[in-house]
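Have a look at entry-v8.cif below; it lists mmCIF, C-alpha atoms.
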```
data_query
#
loop_
_atom_site.label_atom_id
_atom_site.label_comp_id
_atom_site.auth_asym_id
_atom_site.auth_seq_id
_atom_site.Cartn_x
_atom_site.Cartn_y
_atom_site.Cartn_z
CA MET Z 1069 0.00 0.00 0.00
CA PHE Z 1070 1.26 3.48 -0.80
CA ASP Z 1071 0.42 6.79 0.82
CA PRO Z 1072 -0.63 9.86 -1.20
CA PHE Z 1073 3.02 10.93 -1.41
CA GLY Z 1074 4.34 7.81 -3.12
CA LEU Z 1075 5.79 6.15 -0.04
CA GLU Z 1076 5.16 2.51 0.79
CA VAL Z 1077 3.19 2.16 4.02
CA LEU Z 1078 4.76 -0.50 6.22
CA GLY Z 1079 2.72 -2.84 8.40
CA ARG Z 1080 3.32 -3.27 12.08
CA GLU Z 1081 5.36 -6.47 11.74
CA GLN Z 1082 7.56 -4.93 9.05
CA CYS Z 1083 8.10 -1.90 11.25
CA LEU Z 1084 9.14 -4.01 14.22
CA SER Z 1085 11.49 -6.14 12.10
CA LEU Z 1086 13.20 -3.01 10.79
CA LEU Z 1087 13.37 -1.41 14.24
CA ALA Z 1088 15.19 -4.51 15.45
CA THR Z 1089 17.99 -3.82 12.95
CA ALA Z 1090 18.62 -0.26 14.16
CA GLY Z 1091 21.12 0.65 16.85
CA ILE Z 1092 20.25 4.30 17.25
CA GLY Z 1093 16.86 5.90 17.52
CA ARG Z 1094 15.78 9.46 18.12
CA VAL Z 1095 13.38 10.62 20.79
CA VAL Z 1096 11.26 13.56 19.76
CA PHE Z 1097 9.83 15.61 22.58
CA THR Z 1098 8.92 19.10 23.70
CA ALA Z 1099 11.29 21.11 25.85
CA ARG Z 1100 10.17 24.53 27.10
CA GLY Z 1101 7.42 24.49 24.51
CA LEU Z 1102 9.78 23.89 21.61
CA PRO Z 1103 10.38 20.77 19.53
CA ALA Z 1104 13.47 18.86 20.55
CA VAL Z 1105 15.15 15.66 19.40
CA GLN Z 1106 17.87 13.50 20.89
CA PRO Z 1107 19.52 10.35 19.55
CA VAL Z 1108 19.60 7.40 21.94
CA ARG Z 1109 20.71 3.82 21.98
CA PHE Z 1110 17.72 1.59 22.62
CA VAL Z 1111 16.51 -1.91 23.32
CA LEU Z 1112 13.49 -3.30 21.50
CA GLU Z 1113 11.46 -5.50 23.82
CA THR Z 1114 8.25 -7.36 23.03
CA ALA Z 1115 5.95 -4.53 24.00
CA ALA Z 1116 8.16 -1.47 24.29
CA VAL Z 1117 11.17 0.50 23.17
CA ILE Z 1118 13.50 1.16 26.12
CA PHE Z 1119 16.27 3.74 26.37
CA GLY Z 1120 18.29 5.50 29.03
CA ALA Z 1121 18.26 9.16 30.02
CA PRO Z 1122 20.09 10.93 32.83
CA ALA Z 1123 17.86 12.11 35.66
CA GLY Z 1124 17.78 15.87 35.41
CA SER Z 1125 18.09 15.95 31.63
CA PRO Z 1126 15.47 17.67 29.44
CA LEU Z 1127 14.93 14.28 27.79
CA PHE Z 1128 14.11 12.61 31.10
CA ALA Z 1129 11.84 15.46 32.13
CA ALA Z 1130 9.87 15.14 28.88
CA ALA Z 1131 9.84 11.35 28.78
CA ASP Z 1132 8.75 10.73 32.35
CA ASP Z 1133 5.00 10.35 31.76
CA GLY Z 1134 4.91 12.47 28.62
CA VAL Z 1135 3.85 11.71 25.05
CA VAL Z 1136 6.90 11.36 22.82
CA ALA Z 1137 7.76 10.03 19.39
CA PHE Z 1138 10.62 7.66 18.77
CA GLU Z 1139 12.13 7.32 15.31
CA ALA Z 1140 14.70 5.08 13.67
CA ASP Z 1141 15.67 4.99 10.01
CA ALA Z 1142 18.17 3.78 7.47
CA PHE Z 1143 18.95 4.99 3.95
CA ASP Z 1144 21.36 3.89 1.27
CA GLU Z 1145 24.27 6.17 0.49
CA ALA Z 1146 22.66 7.56 -2.63
CA LEU Z 1147 19.57 8.39 -0.52
CA GLU Z 1148 17.41 6.70 -3.11
CA SER Z 1149 15.98 4.03 -0.88
CA GLY Z 1150 15.41 3.62 2.79
CA TRP Z 1151 12.87 3.31 5.55
CA TRP Z 1152 11.78 4.98 8.74
CA VAL Z 1153 9.66 3.83 11.61
CA THR Z 1154 7.98 5.95 14.27
CA VAL Z 1155 6.61 4.84 17.63
CA LEU Z 1156 4.25 7.25 19.33
CA GLY Z 1157 3.20 6.88 22.92
CA ARG Z 1158 3.28 7.88 26.53
CA ALA Z 1159 6.76 7.28 27.90
CA ARG Z 1160 7.22 6.08 31.46
CA SER Z 1161 10.05 5.26 33.84
CA THR Z 1162 10.78 1.56 33.89
CA GLY Z 1163 13.24 -0.94 35.27
CA GLU Z 1164 16.48 -1.93 33.60
CA PRO Z 1165 15.85 -3.94 30.44
CA ALA Z 1166 17.04 -7.55 30.30
CA ARG Z 1167 19.46 -6.66 27.49
CA ALA Z 1168 21.04 -3.45 28.79
CA TRP Z 1169 24.33 -1.76 28.01
CA PRO Z 1170 26.57 -0.28 30.69
CA ALA Z 1171 25.08 2.91 32.07
CA THR Z 1172 26.80 5.98 30.69
CA THR Z 1173 26.27 8.06 33.79
CA SER Z 1174 25.56 6.98 37.33
CA ASP Z 1175 22.17 8.66 37.37
CA ASP Z 1176 20.80 7.15 34.20
CA ARG Z 1177 17.16 6.20 34.32
CA TRP Z 1178 15.34 3.80 31.99
CA ILE Z 1179 12.37 4.95 29.97
CA SER Z 1180 9.91 2.79 28.03
CA ILE Z 1181 7.59 3.71 25.20
CA PRO Z 1182 4.83 1.17 24.56
CA LEU Z 1183 4.60 -0.27 21.04
CA ASP Z 1184 0.96 0.77 20.71
CA VAL Z 1185 1.16 3.21 17.83
CA VAL Z 1186 3.77 2.09 15.31
CA SER Z 1187 4.00 3.40 11.77
CA GLY Z 1188 6.54 3.29 9.02
CA ARG Z 1189 7.31 4.20 5.46
CA ARG Z 1190 9.64 2.84 2.84
CA LEU Z 1191 11.15 4.82 -0.01
CA ALA Z 1192 12.24 2.96 -3.13
CA ARG Z 1193 12.94 4.38 -6.56
CA MET Y 226 33.21 22.36 26.76
CA PHE Y 227 31.04 19.57 28.12
CA ASP Y 228 27.44 19.63 29.21
CA PRO Y 229 26.30 18.22 32.58
CA PHE Y 230 25.71 14.84 30.92
CA GLY Y 231 29.27 14.32 29.68
CA LEU Y 232 28.64 15.32 26.07
CA GLU Y 233 30.90 17.71 24.22
CA VAL Y 234 29.08 20.91 23.30
CA LEU Y 235 29.80 21.84 19.70
CA GLY Y 236 30.18 25.42 18.55
CA ARG Y 237 28.21 26.88 15.68
CA GLU Y 238 30.98 26.46 13.11
CA GLN Y 239 31.56 22.84 14.10
CA CYS Y 240 27.83 22.22 13.84
CA LEU Y 241 27.63 23.69 10.36
CA SER Y 242 30.70 21.75 9.18
CA LEU Y 243 29.14 18.51 10.39
CA LEU Y 244 25.74 19.35 8.91
CA ALA Y 245 27.44 19.79 5.55
CA THR Y 246 28.56 16.14 5.66
CA ALA Y 247 25.05 14.75 6.21
CA GLY Y 248 22.75 13.69 3.42
CA ILE Y 249 19.63 13.05 5.45
CA GLY Y 250 18.10 15.15 8.18
CA ARG Y 251 14.93 14.79 10.17
CA VAL Y 252 12.28 17.43 10.59
CA VAL Y 253 10.59 17.37 13.96
CA PHE Y 254 7.18 18.95 14.10
CA THR Y 255 3.75 18.73 15.65
CA ALA Y 256 0.90 17.08 13.78
CA ARG Y 257 -2.56 17.15 15.33
CA GLY Y 258 -0.99 18.06 18.65
CA LEU Y 259 1.36 15.08 18.66
CA PRO Y 260 5.11 14.94 18.09
CA ALA Y 261 6.05 13.81 14.60
CA VAL Y 262 9.28 13.28 12.72
CA GLN Y 263 10.12 12.80 9.09
CA PRO Y 264 13.45 12.20 7.35
CA VAL Y 265 14.23 14.49 4.44
CA ARG Y 266 17.03 15.15 2.02
CA PHE Y 267 18.24 18.70 2.47
CA VAL Y 268 20.49 21.42 1.13
CA LEU Y 269 22.62 23.47 3.49
CA GLU Y 270 22.82 27.05 2.31
CA THR Y 271 24.65 29.96 3.94
CA ALA Y 272 21.77 31.02 6.12
CA ALA Y 273 19.27 28.18 5.99
CA VAL Y 274 18.54 24.49 5.72
CA ILE Y 275 16.25 23.80 2.76
CA PHE Y 276 14.18 20.70 2.09
CA GLY Y 277 11.22 19.66 0.04
CA ALA Y 278 7.77 18.63 1.16
CA PRO Y 279 4.68 17.80 -0.88
CA ALA Y 280 1.91 20.38 -0.66
CA GLY Y 281 -0.86 18.75 1.35
CA SER Y 282 1.46 16.68 3.51
CA PRO Y 283 1.43 16.98 7.31
CA LEU Y 284 5.08 18.03 7.07
CA PHE Y 285 4.27 20.91 4.75
CA ALA Y 286 1.35 21.99 6.91
CA ALA Y 287 3.58 22.12 9.99
CA ALA Y 288 6.57 23.68 8.27
CA ASP Y 289 4.74 26.47 6.48
CA ASP Y 290 5.31 29.25 9.02
CA GLY Y 291 5.65 26.95 12.02
CA VAL Y 292 8.45 26.39 14.51
CA VAL Y 293 10.22 23.12 13.80
CA ALA Y 294 13.44 21.38 14.73
CA PHE Y 295 15.76 19.85 12.18
CA GLU Y 296 18.25 17.18 13.20
CA ALA Y 297 21.11 15.34 11.53
CA ASP Y 298 23.49 12.90 13.13
CA ALA Y 299 26.12 10.23 12.52
CA PHE Y 300 27.41 7.47 14.76
CA ASP Y 301 30.04 4.80 14.37
CA GLU Y 302 28.85 1.22 14.10
CA ALA Y 303 29.67 0.41 17.70
CA LEU Y 304 27.62 3.45 18.74
CA GLU Y 305 30.48 4.62 20.91
CA SER Y 306 31.12 7.88 19.15
CA GLY Y 307 29.11 10.24 17.05
CA TRP Y 308 27.53 13.65 16.82
CA TRP Y 309 24.19 15.31 16.32
CA VAL Y 310 23.21 18.79 15.35
CA THR Y 311 19.84 20.48 15.79
CA VAL Y 312 18.54 23.59 14.06
CA LEU Y 313 15.51 25.22 15.66
CA GLY Y 314 13.52 27.91 13.94
CA ARG Y 315 10.46 29.13 12.16
CA ALA Y 316 10.17 27.35 8.83
CA ARG Y 317 8.89 29.17 5.77
CA SER Y 318 8.12 28.44 2.15
CA THR Y 319 10.97 29.43 -0.11
CA GLY Y 320 12.13 29.21 -3.69
CA GLU Y 321 14.03 26.31 -5.18
CA PRO Y 322 17.58 26.11 -3.80
CA ALA Y 323 20.50 26.59 -6.17
CA ARG Y 324 21.65 23.03 -5.55
CA ALA Y 325 18.40 21.09 -5.79
CA TRP Y 326 17.67 17.48 -6.59
CA PRO Y 327 14.90 16.38 -8.94
CA ALA Y 328 11.52 16.86 -7.31
CA THR Y 329 10.05 13.60 -6.10
CA THR Y 330 6.49 14.65 -6.72
CA SER Y 331 5.09 17.31 -8.94
CA ASP Y 332 3.63 19.27 -6.05
CA ASP Y 333 6.77 19.49 -3.94
CA ARG Y 334 7.30 22.77 -2.17
CA TRP Y 335 10.57 24.06 -0.76
CA ILE Y 336 10.85 24.94 2.91
CA SER Y 337 13.67 26.82 4.62
CA ILE Y 338 14.67 26.89 8.27
CA PRO Y 339 16.97 29.79 9.19
CA LEU Y 340 20.27 28.88 10.81
CA ASP Y 341 19.59 31.10 13.80
CA VAL Y 342 19.51 28.59 16.61
CA VAL Y 343 22.04 25.83 15.97
CA SER Y 344 23.27 23.44 18.62
CA GLY Y 345 25.18 20.20 18.65
CA ARG Y 346 26.73 17.53 20.80
CA ARG Y 347 29.49 15.04 20.27
CA LEU Y 348 29.80 11.71 22.03
CA ALA Y 349 33.25 10.16 22.38
CA ARG Y 350 34.32 7.38 24.71
#
```

Serialized structure, structure tokens:
Amino acid sequence: MFDPFGLEVLGREQCLSLLATAGIGRVVFTARGLPAVQPVRFVLETAAVIFGAPAGSPLFAAADDGVVAFEADAFDEALESGWWVTVLGRARSTGEPARAWPATTSDDRWISIPLDVVSGRRLAR
Amino acid sequence: MFDPFGLEVLGREQCLSLLATAGIGRVVFTARGLPAVQPVRFVLETAAVIFGAPAGSPLFAAADDGVVAFEADAFDEALESGWWVTVLGRARSTGEPARAWPATTSDDRWISIPLDVVSGRRLAR
């Protein structure tokens, strides 16, 4: 299926398969009323995306019980094909994921975004 | 200079040099009151980032005289080093950039974001 702008609309399972191949995602949030974005490493669990944020950071403030978007993507070098997936949901503090990496700072907290609203597009020429 | 979270704070010139190496950026905007993000190809001009968006798309609706963030980044494969740069500003319709790529759809419009508020971080372990 294609959207009105010529992009292939990906189904949920395709989106989750592609997300599993990405190492970096980007959390999109609002900070002081303005749009903000921060790249994060993440873990894809069965029902959520989980990432770390230092307590006291704008990211943690926005992601602790706030609605955020999470995006991951990949494109070929010629930028002629690629995909992106977005997860939209209410982020919450959570426990350490089973597959965690070493904390970068001592006050890192874990944040989860439920995989309720998942969408994706694929570009191919 | 480092921020409180151990990330190197990049100066404006460093940010612009890094932006010039990126092929894909991501526009962060609000659609129906919710955070949204879309990857775009872009052109870096002296005073603005310019990208295309189809008329009628949620991206165009948000970026036609709306405040948006624009982000580009790059990380090594081990995700142990990398950078990201964010441009924040009021986006506006503009003319075709000097260095444009072929329009993807016939109703593509060009949007510019002024390089007024530029910030960046670098991660190195």

Resolved residues for the PyMOL selection byres ((chain Z and resi 1186) around 7) as a PyMOL selection string: chain Z and resi 1080+1154-1156+1183-1185+1187-1188

Shortest contact to chain Y, candidates Z:Ala1104, Z:Val1117, Z:Ala1192, Z:Ile1181, atoms counted only C-alpha atoms, goes to Z:Ala1104

Would you list which chain Y residues are within 7 Å of chain Z using all atoms listed in the file, as a PDB file with C-alpha atoms, keeping the file's coordinate frame?
```pdb
ATOM      1  CA  VAL Y 253      10.590  17.370  13.960  1.00  0.00           C
ATOM      2  CA  PHE Y 254       7.180  18.950  14.100  1.00  0.00           C
ATOM      3  CA  PRO Y 260       5.110  14.940  18.090  1.00  0.00           C
ATOM      4  CA  ALA Y 261       6.050  13.810  14.600  1.00  0.00           C
ATOM      5  CA  VAL Y 293      10.220  23.120  13.800  1.00  0.00           C
ATOM      6  CA  ALA Y 294      13.440  21.380  14.730  1.00  0.00           C
TER       7      ALA Y 294
END
```

Let me know the residues the PyMOL selection byres ((chain Y and resi 319) around 10) catches in the file above, as a PyMOL selection string. chain Y and resi 275-277+289+316-318+320-322+334-338

Would you place a box with edges along x, y and z of the file around all atoms of stretch 1133-1145 of chain Z listed there, add 5 Å to each of its six sides, and report the centre and edge lengths in Å to one decimal, as lines of an AutoDock Vina configuration file?
```
center_x = 14.1
center_y = 8.1
center_z = 16.1
size_x = 30.4
size_y = 18.7
size_z = 41.3
```

Grab the atom CA of Z:Phe1110 to atom CA of Y:Ala256 distance for me, in Å with one decimal place.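 Answer for the atom CA of Z:Phe1110 to atom CA of Y:Ala256 separation: 24.5 Å.
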
May I have chain Z as an mmCIF file with C-alpha atoms, in the coordinates of the input, after a least-squares superposition on chain Y that uses all C-alpha atoms paired in order?
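New file result-v2.cif:
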```cif
data_model
loop_
_atom_site.group_PDB
_atom_site.id
_atom_site.type_symbol
_atom_site.label_atom_id
_atom_site.label_comp_id
_atom_site.auth_asym_id
_atom_site.auth_seq_id
_atom_site.Cartn_x
_atom_site.Cartn_y
_atom_site.Cartn_z
ATOM 1 C CA MET Z 1069 33.209 22.379 26.771
ATOM 2 C CA PHE Z 1070 31.052 19.575 28.122
ATOM 3 C CA ASP Z 1071 27.437 19.619 29.226
ATOM 4 C CA PRO Z 1072 26.297 18.200 32.587
ATOM 5 C CA PHE Z 1073 25.711 14.822 30.925
ATOM 6 C CA GLY Z 1074 29.250 14.284 29.665
ATOM 7 C CA LEU Z 1075 28.640 15.309 26.069
ATOM 8 C CA GLU Z 1076 30.922 17.704 24.228
ATOM 9 C CA VAL Z 1077 29.097 20.910 23.316
ATOM 10 C CA LEU Z 1078 29.822 21.839 19.712
ATOM 11 C CA GLY Z 1079 30.201 25.429 18.545
ATOM 12 C CA ARG Z 1080 28.233 26.886 15.700
ATOM 13 C CA GLU Z 1081 30.992 26.471 13.105
ATOM 14 C CA GLN Z 1082 31.560 22.849 14.105
ATOM 15 C CA CYS Z 1083 27.840 22.212 13.851
ATOM 16 C CA LEU Z 1084 27.636 23.690 10.368
ATOM 17 C CA SER Z 1085 30.697 21.746 9.180
ATOM 18 C CA LEU Z 1086 29.147 18.497 10.395
ATOM 19 C CA LEU Z 1087 25.736 19.335 8.926
ATOM 20 C CA ALA Z 1088 27.434 19.784 5.565
ATOM 21 C CA THR Z 1089 28.560 16.139 5.666
ATOM 22 C CA ALA Z 1090 25.055 14.744 6.216
ATOM 23 C CA GLY Z 1091 22.731 13.699 3.420
ATOM 24 C CA ILE Z 1092 19.620 13.047 5.454
ATOM 25 C CA GLY Z 1093 18.105 15.141 8.183
ATOM 26 C CA ARG Z 1094 14.932 14.784 10.184
ATOM 27 C CA VAL Z 1095 12.276 17.430 10.604
ATOM 28 C CA VAL Z 1096 10.580 17.366 13.968
ATOM 29 C CA PHE Z 1097 7.168 18.960 14.108
ATOM 30 C CA THR Z 1098 3.727 18.746 15.649
ATOM 31 C CA ALA Z 1099 0.885 17.090 13.789
ATOM 32 C CA ARG Z 1100 -2.590 17.130 15.349
ATOM 33 C CA GLY Z 1101 -1.011 18.054 18.654
ATOM 34 C CA LEU Z 1102 1.355 15.097 18.667
ATOM 35 C CA PRO Z 1103 5.104 14.943 18.087
ATOM 36 C CA ALA Z 1104 6.038 13.821 14.607
ATOM 37 C CA VAL Z 1105 9.297 13.302 12.737
ATOM 38 C CA GLN Z 1106 10.116 12.795 9.083
ATOM 39 C CA PRO Z 1107 13.455 12.189 7.372
ATOM 40 C CA VAL Z 1108 14.239 14.486 4.452
ATOM 41 C CA ARG Z 1109 17.025 15.131 2.028
ATOM 42 C CA PHE Z 1110 18.260 18.683 2.459
ATOM 43 C CA VAL Z 1111 20.497 21.409 1.129
ATOM 44 C CA LEU Z 1112 22.630 23.468 3.489
ATOM 45 C CA GLU Z 1113 22.812 27.058 2.296
ATOM 46 C CA THR Z 1114 24.655 29.949 3.920
ATOM 47 C CA ALA Z 1115 21.778 31.017 6.116
ATOM 48 C CA ALA Z 1116 19.289 28.167 5.999
ATOM 49 C CA VAL Z 1117 18.559 24.481 5.727
ATOM 50 C CA ILE Z 1118 16.259 23.796 2.760
ATOM 51 C CA PHE Z 1119 14.184 20.692 2.087
ATOM 52 C CA GLY Z 1120 11.204 19.653 0.015
ATOM 53 C CA ALA Z 1121 7.740 18.624 1.162
ATOM 54 C CA PRO Z 1122 4.652 17.799 -0.877
ATOM 55 C CA ALA Z 1123 1.885 20.381 -0.653
ATOM 56 C CA GLY Z 1124 -0.877 18.761 1.336
ATOM 57 C CA SER Z 1125 1.453 16.696 3.503
ATOM 58 C CA PRO Z 1126 1.419 16.977 7.316
ATOM 59 C CA LEU Z 1127 5.072 18.023 7.061
ATOM 60 C CA PHE Z 1128 4.256 20.923 4.749
ATOM 61 C CA ALA Z 1129 1.327 21.988 6.898
ATOM 62 C CA ALA Z 1130 3.563 22.110 9.985
ATOM 63 C CA ALA Z 1131 6.565 23.662 8.266
ATOM 64 C CA ASP Z 1132 4.763 26.457 6.463
ATOM 65 C CA ASP Z 1133 5.314 29.247 9.007
ATOM 66 C CA GLY Z 1134 5.646 26.947 12.001
ATOM 67 C CA VAL Z 1135 8.454 26.394 14.503
ATOM 68 C CA VAL Z 1136 10.224 23.115 13.787
ATOM 69 C CA ALA Z 1137 13.444 21.375 14.723
ATOM 70 C CA PHE Z 1138 15.761 19.846 12.179
ATOM 71 C CA GLU Z 1139 18.252 17.175 13.194
ATOM 72 C CA ALA Z 1140 21.102 15.334 11.521
ATOM 73 C CA ASP Z 1141 23.508 12.884 13.118
ATOM 74 C CA ALA Z 1142 26.124 10.243 12.531
ATOM 75 C CA PHE Z 1143 27.428 7.466 14.779
ATOM 76 C CA ASP Z 1144 30.045 4.783 14.387
ATOM 77 C CA GLU Z 1145 28.857 1.206 14.117
ATOM 78 C CA ALA Z 1146 29.696 0.399 17.709
ATOM 79 C CA LEU Z 1147 27.627 3.453 18.751
ATOM 80 C CA GLU Z 1148 30.504 4.605 20.902
ATOM 81 C CA SER Z 1149 31.126 7.882 19.163
ATOM 82 C CA GLY Z 1150 29.114 10.234 17.071
ATOM 83 C CA TRP Z 1151 27.537 13.642 16.826
ATOM 84 C CA TRP Z 1152 24.197 15.306 16.343
ATOM 85 C CA VAL Z 1153 23.216 18.790 15.368
ATOM 86 C CA THR Z 1154 19.843 20.474 15.796
ATOM 87 C CA VAL Z 1155 18.544 23.591 14.066
ATOM 88 C CA LEU Z 1156 15.531 25.227 15.651
ATOM 89 C CA GLY Z 1157 13.523 27.897 13.929
ATOM 90 C CA ARG Z 1158 10.474 29.130 12.133
ATOM 91 C CA ALA Z 1159 10.183 27.327 8.815
ATOM 92 C CA ARG Z 1160 8.884 29.156 5.766
ATOM 93 C CA SER Z 1161 8.107 28.428 2.131
ATOM 94 C CA THR Z 1162 10.968 29.423 -0.116
ATOM 95 C CA GLY Z 1163 12.113 29.207 -3.700
ATOM 96 C CA GLU Z 1164 14.032 26.312 -5.183
ATOM 97 C CA PRO Z 1165 17.564 26.139 -3.798
ATOM 98 C CA ALA Z 1166 20.489 26.650 -6.175
ATOM 99 C CA ARG Z 1167 21.644 23.069 -5.548
ATOM 100 C CA ALA Z 1168 18.383 21.125 -5.819
ATOM 101 C CA TRP Z 1169 17.664 17.499 -6.608
ATOM 102 C CA PRO Z 1170 14.895 16.415 -8.964
ATOM 103 C CA ALA Z 1171 11.505 16.899 -7.360
ATOM 104 C CA THR Z 1172 10.046 13.634 -6.137
ATOM 105 C CA THR Z 1173 6.463 14.650 -6.722
ATOM 106 C CA SER Z 1174 5.047 17.327 -8.964
ATOM 107 C CA ASP Z 1175 3.615 19.280 -6.057
ATOM 108 C CA ASP Z 1176 6.743 19.468 -3.962
ATOM 109 C CA ARG Z 1177 7.293 22.746 -2.194
ATOM 110 C CA TRP Z 1178 10.567 24.052 -0.755
ATOM 111 C CA ILE Z 1179 10.857 24.922 2.903
ATOM 112 C CA SER Z 1180 13.680 26.810 4.620
ATOM 113 C CA ILE Z 1181 14.679 26.888 8.257
ATOM 114 C CA PRO Z 1182 16.969 29.783 9.183
ATOM 115 C CA LEU Z 1183 20.297 28.892 10.808
ATOM 116 C CA ASP Z 1184 19.587 31.128 13.797
ATOM 117 C CA VAL Z 1185 19.516 28.594 16.601
ATOM 118 C CA VAL Z 1186 22.053 25.839 15.975
ATOM 119 C CA SER Z 1187 23.275 23.438 18.629
ATOM 120 C CA GLY Z 1188 25.171 20.209 18.668
ATOM 121 C CA ARG Z 1189 26.733 17.546 20.805
ATOM 122 C CA ARG Z 1190 29.511 15.061 20.303
ATOM 123 C CA LEU Z 1191 29.817 11.715 22.045
ATOM 124 C CA ALA Z 1192 33.260 10.163 22.394
ATOM 125 C CA ARG Z 1193 34.342 7.404 24.736
#
```

Considering only C-alpha atoms, return as a VMD selection string whatever protein or nucleic-acid residues lie within 6 Å of Y:Glu233, sequence-local ones (same chain, fewer than 6 positions apart) excluded. chain Y and resid 226 to 227 346 to 347

Which of these, Y:Leu348, Y:Arg257, Y:Pro339, Y:Gly236, has the shortest distance to Y:Ala272 once you count only C-alpha atoms?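 For Y:Ala272, the nearest of the candidates is Y:Pro339.
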
Dump stretch 257-270 of chain Y with N, CA, C and O atoms to a file, as a PDB file, in the first residue's frame.
```pdb
ATOM      1  N   ARG Y 257      -1.365  17.405  14.521  1.00  0.00           N
ATOM      2  CA  ARG Y 257      -2.563  17.151  15.331  1.00  0.00           C
ATOM      3  C   ARG Y 257      -2.223  17.099  16.823  1.00  0.00           C
ATOM      4  O   ARG Y 257      -2.713  16.230  17.551  1.00  0.00           O
ATOM      5  N   GLY Y 258      -1.318  17.972  17.232  1.00  0.00           N
ATOM      6  CA  GLY Y 258      -0.986  18.055  18.650  1.00  0.00           C
ATOM      7  C   GLY Y 258      -0.016  17.005  19.146  1.00  0.00           C
ATOM      8  O   GLY Y 258       0.311  16.968  20.330  1.00  0.00           O
ATOM      9  N   LEU Y 259       0.452  16.149  18.237  1.00  0.00           N
ATOM     10  CA  LEU Y 259       1.359  15.082  18.658  1.00  0.00           C
ATOM     11  C   LEU Y 259       2.726  15.254  17.997  1.00  0.00           C
ATOM     12  O   LEU Y 259       2.830  15.760  16.885  1.00  0.00           O
ATOM     13  N   PRO Y 260       3.779  14.816  18.692  1.00  0.00           N
ATOM     14  CA  PRO Y 260       5.111  14.936  18.092  1.00  0.00           C
ATOM     15  C   PRO Y 260       5.232  14.039  16.864  1.00  0.00           C
ATOM     16  O   PRO Y 260       4.722  12.916  16.841  1.00  0.00           O
ATOM     17  N   ALA Y 261       5.876  14.557  15.847  1.00  0.00           N
ATOM     18  CA  ALA Y 261       6.048  13.809  14.601  1.00  0.00           C
ATOM     19  C   ALA Y 261       7.445  14.067  14.066  1.00  0.00           C
ATOM     20  O   ALA Y 261       8.060  15.097  14.373  1.00  0.00           O
ATOM     21  N   VAL Y 262       7.936  13.146  13.265  1.00  0.00           N
ATOM     22  CA  VAL Y 262       9.285  13.284  12.723  1.00  0.00           C
ATOM     23  C   VAL Y 262       9.320  12.669  11.339  1.00  0.00           C
ATOM     24  O   VAL Y 262       8.695  11.642  11.093  1.00  0.00           O
ATOM     25  N   GLN Y 263      10.005  13.333  10.445  1.00  0.00           N
ATOM     26  CA  GLN Y 263      10.118  12.801   9.093  1.00  0.00           C
ATOM     27  C   GLN Y 263      11.507  13.060   8.513  1.00  0.00           C
ATOM     28  O   GLN Y 263      11.987  14.191   8.509  1.00  0.00           O
ATOM     29  N   PRO Y 264      12.151  12.010   8.020  1.00  0.00           N
ATOM     30  CA  PRO Y 264      13.453  12.197   7.353  1.00  0.00           C
ATOM     31  C   PRO Y 264      13.274  12.913   6.021  1.00  0.00           C
ATOM     32  O   PRO Y 264      12.291  12.687   5.314  1.00  0.00           O
ATOM     33  N   VAL Y 265      14.245  13.766   5.712  1.00  0.00           N
ATOM     34  CA  VAL Y 265      14.234  14.490   4.435  1.00  0.00           C
ATOM     35  C   VAL Y 265      15.662  14.625   3.917  1.00  0.00           C
ATOM     36  O   VAL Y 265      16.611  14.680   4.682  1.00  0.00           O
ATOM     37  N   ARG Y 266      15.788  14.661   2.606  1.00  0.00           N
ATOM     38  CA  ARG Y 266      17.025  15.149   2.024  1.00  0.00           C
ATOM     39  C   ARG Y 266      17.038  16.665   2.181  1.00  0.00           C
ATOM     40  O   ARG Y 266      15.975  17.287   2.213  1.00  0.00           O
ATOM     41  N   PHE Y 267      18.205  17.251   2.259  1.00  0.00           N
ATOM     42  CA  PHE Y 267      18.240  18.699   2.466  1.00  0.00           C
ATOM     43  C   PHE Y 267      19.464  19.316   1.807  1.00  0.00           C
ATOM     44  O   PHE Y 267      20.425  18.632   1.454  1.00  0.00           O
ATOM     45  N   VAL Y 268      19.374  20.625   1.637  1.00  0.00           N
ATOM     46  CA  VAL Y 268      20.489  21.417   1.127  1.00  0.00           C
ATOM     47  C   VAL Y 268      20.869  22.411   2.222  1.00  0.00           C
ATOM     48  O   VAL Y 268      19.993  23.056   2.807  1.00  0.00           O
ATOM     49  N   LEU Y 269      22.149  22.494   2.508  1.00  0.00           N
ATOM     50  CA  LEU Y 269      22.616  23.470   3.488  1.00  0.00           C
ATOM     51  C   LEU Y 269      23.097  24.708   2.733  1.00  0.00           C
ATOM     52  O   LEU Y 269      24.078  24.658   1.982  1.00  0.00           O
ATOM     53  N   GLU Y 270      22.375  25.799   2.916  1.00  0.00           N
ATOM     54  CA  GLU Y 270      22.817  27.054   2.312  1.00  0.00           C
ATOM     55  C   GLU Y 270      23.475  27.924   3.384  1.00  0.00           C
ATOM     56  O   GLU Y 270      23.599  27.513   4.528  1.00  0.00           O
TER      57      GLU Y 270
END
```
